[in-house]
Structure formats: structure tokens, C-alpha cells
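Engineer: First the structure, which I've put down as C-alpha cells, then a few questions once you've had a look.
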Amino acid sequence: MNSALQAFVKSNEFLDAIKKRRSIYALDKDVKIENDKIAATIEEAVQYTPAAFNAPSARAVILFGEESSKLWGEGGIAEQAIRKVLPEGQSFEPTAKKLASFNAGIGTVLYFKDVAVVKNLQEKFSLYADNFPVWAEQTNGMTQFAVWTALADIGIGASLQHYNPLIDDAVRKTFDIPENWVLRAEMPFGNIAAPAGPKEFQLISERVKVLG
């Protein structure tokens, strides 16, 4: 890429924000931004994420403090669910350290797919019925990415986890989640206690073709 193109790309604030988004596992609670501002940032990202037929099926629940600890804390939802399926004789210690790192942050975003929205679209537009579940997953992925990037842009670290479906029933009961909301991912977040390490990239020429 020549210098003029590099300068043009570097002037793009959106791309700058994307580059800040990394999987941050070293979290702590030393966050300087108030919870309501973090929540507003997440809400704005969710609001403006595109969805097929302009019928958003992605849902989010934001857990702060003790609510988040119900999920990741010692004896919490995740630990109880994992212990039930842990092979006999296998140490729980590595998992305990991982859960503790999530609990070290200040909160968690839970991402859900509203299957009622998907079913409604399938009934209204039967020609595309097979596509709506796929499009719903794409919307959920875009929502996760939008929130993750928005958090990174305000200096909040996060990572994306998938303890579903192990924790689905307990999450639904504990946080009063509607039956038609299906858990798709969990995103613990907090202050960045240590940055992510170097990242290697596959050659972009092997991933993108430019024609014409």
C-alpha cells in the first residue's frame, strides 16, 4: 500500500476503533467511566446494528457488579454448570482461573436471539424461511462486534465467550429471561489490566480480491 493510501486509511476513525478491538482477558475494576455511560454506549451500538428486513432479533442483557458475579463468581452459574460435565479426575483449577478472570471485570453483556422474531418473519415471508435463522445469527454477530468495538473505543476491554448452552437454563431463571430468547454469547468487560499481545494476520491479498 502506497503512502497516500496509508494516510487515507489512517484518517478513518471507524477503522481506528476496529483496530482497538481485541480479546482482553486481563481485566480489573479500575474503570473511570460510569456504568450508565457504558450502558448507553452498548445500547447505542445495539440500536444501530443492521438486521434483515429491519426486524432486529438480537437482544442484550447488561450485568453490572454482583449481577455479573452471579454468572462468573465462585459457586456461580458457570462454575456449577461446568462441574456437572467435567470428566472425572480432571482438575477444575484451569477453568476456575479463567472464570475468575472474567469475574475480575465490572460487568458482562449477554447476547440472545429472539426466536419469536425469526418465526414471525418466516411466516410472513415464507420464500425466505430457510434464510431467516442464518440472517438472525449474522445480526447477532454484528451486534457483538458493534458492542465490542464501541467498548474498545472508550477504553473498555472485553472478550467473547460461549458457555451456552450449558448455562442457558440457569441464566434464564436467574435473570428472568423470556423463553423465546436463546443465549448466543457472553462478553465479560472491564478495565484493561494488561493489553493483548501481538497479532499475526494472514496476507490480505489471500483474503480479498479486487477486480476492475
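Each chain in the C-alpha cells gets a letter, A, B, ..., in the order shown, and its residues are numbered from 1; ligands are numbered from 1 in order too.
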Residues of segment 39-208 of chain A classed as strand (DSSP E or B) by DSSP on the backbone are to be reported as a PyMOL selection string.

Structural biologist: chain A and resi 58-64+107-114+156-158+161+181-192

Engineer: For Gly65 of chain A, list every protein, DNA or RNA residue within 10 Å, evaluated using only C-alpha atoms, and leave out those in the same chain fewer than 5 positions away; present the list as a ChimeraX atom specification.

Structural biologist: /A:29,35,70,103-108

Engineer: Output C-alpha atoms of each residue in that selection to a file, as a PDB file, in the first residue's frame.

Structural biologist:
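Full text of again-v2.pdb as output:
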ATOM      1  CA  LYS A  29     -12.465  -2.979  38.131  1.00  0.00           C
ATOM      2  CA  ASN A  35     -21.965   2.406  34.478  1.00  0.00           C
ATOM      3  CA  LYS A  70     -23.746 -14.461  39.725  1.00  0.00           C
ATOM      4  CA  ASN A 103     -15.288 -12.014  37.251  1.00  0.00           C
ATOM      5  CA  ALA A 104     -12.412  -9.571  37.770  1.00  0.00           C
ATOM      6  CA  GLY A 105     -14.107  -7.108  35.399  1.00  0.00           C
ATOM      7  CA  ILE A 106     -17.076  -4.894  36.182  1.00  0.00           C
ATOM      8  CA  GLY A 107     -19.752  -6.467  34.041  1.00  0.00           C
ATOM      9  CA  THR A 108     -20.957  -8.776  31.308  1.00  0.00           C
TER      10      THR A 108
END

Engineer: Which residues, written as a list in words, have at least one atom at most 8 Å from Ile156 of chain A, with only C-alpha atoms counted and residues fewer than 6 positions away on the same chain left out?

Structural biologist: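 Residues meeting the cut-off are Val31, Phe189, Gly190, Asn191 and Ile192 of chain A.
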
Engineer: Just the residues within 8 Å of Asp153 of chain A, please, counting only C-alpha atoms, with nothing from its chain fewer than 3 positions along; format it as an MDAnalysis selection string.

Structural biologist: chainID A and resid 17 20:21 149:150 156

Engineer: Excluding Val171 of chain A and any residue of its chain fewer than 6 positions from it, enumerate the residues within 9 Å of it, using only C-alpha atoms, and give them as a list in words.

Structural biologist: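 Selected residues are Leu71, Ile77, Ile177 and Leu183 of chain A.
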
Engineer: Go ahead and save the picked residues with N, CA and C atoms, as a PDB file, in the first residue's frame.

Structural biologist:
ATOM      1  N   LEU A  71     -22.879 -14.905  37.526  1.00  0.00           N
ATOM      2  CA  LEU A  71     -22.517 -15.736  36.383  1.00  0.00           C
ATOM      3  C   LEU A  71     -21.124 -16.325  36.526  1.00  0.00           C
ATOM      4  N   ILE A  77     -23.139 -19.501  38.356  1.00  0.00           N
ATOM      5  CA  ILE A  77     -23.805 -20.248  37.299  1.00  0.00           C
ATOM      6  C   ILE A  77     -22.823 -21.038  36.448  1.00  0.00           C
ATOM      7  N   ILE A 177     -35.132 -14.202  32.028  1.00  0.00           N
ATOM      8  CA  ILE A 177     -35.040 -14.067  30.579  1.00  0.00           C
ATOM      9  C   ILE A 177     -36.265 -14.701  29.919  1.00  0.00           C
ATOM     10  N   LEU A 183     -29.789 -17.838  24.358  1.00  0.00           N
ATOM     11  CA  LEU A 183     -28.455 -17.303  24.635  1.00  0.00           C
ATOM     12  C   LEU A 183     -27.482 -17.704  23.524  1.00  0.00           C
TER      13      LEU A 183
END

Engineer: Which residue gives the smallest distance to Gln138 of chain A among A:Gly212, A:Pro50, A:Gly75, A:Pro87, with only C-alpha atoms counted?

Structural biologist: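 Residue with the minimum atom-to-atom distance to Gln138 of chain A: A:Pro50.
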
Engineer: Using only C-alpha atoms, which of the listed residues (A:Thr49, A:Gln202, A:Ser68, A:Asn54) sits closest to Phe175 of chain A?

Structural biologist: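 Result for the nearest residue to Phe175 of chain A: A:Ser68.
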
Engineer: Using only C-alpha atoms for the distances, tell me which of A:Thr95, A:Gln90, A:Ser126, A:Ser159 is nearest to Leu27 of chain A.

Structural biologist: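 Checking each of A:Thr95, A:Gln90, A:Ser126, A:Ser159 against Leu27 of chain A, counting only C-alpha atoms, the winner is A:Ser159.
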
Engineer: What does the distance between atom CA of Asn140 of chain A and atom CA of Ala58 of chain A come to in Å, to one decimal place?

Structural biologist: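 Atom CA of Ala58 of chain A lies at a distance of 5.2 Å from atom CA of Asn140 of chain A.
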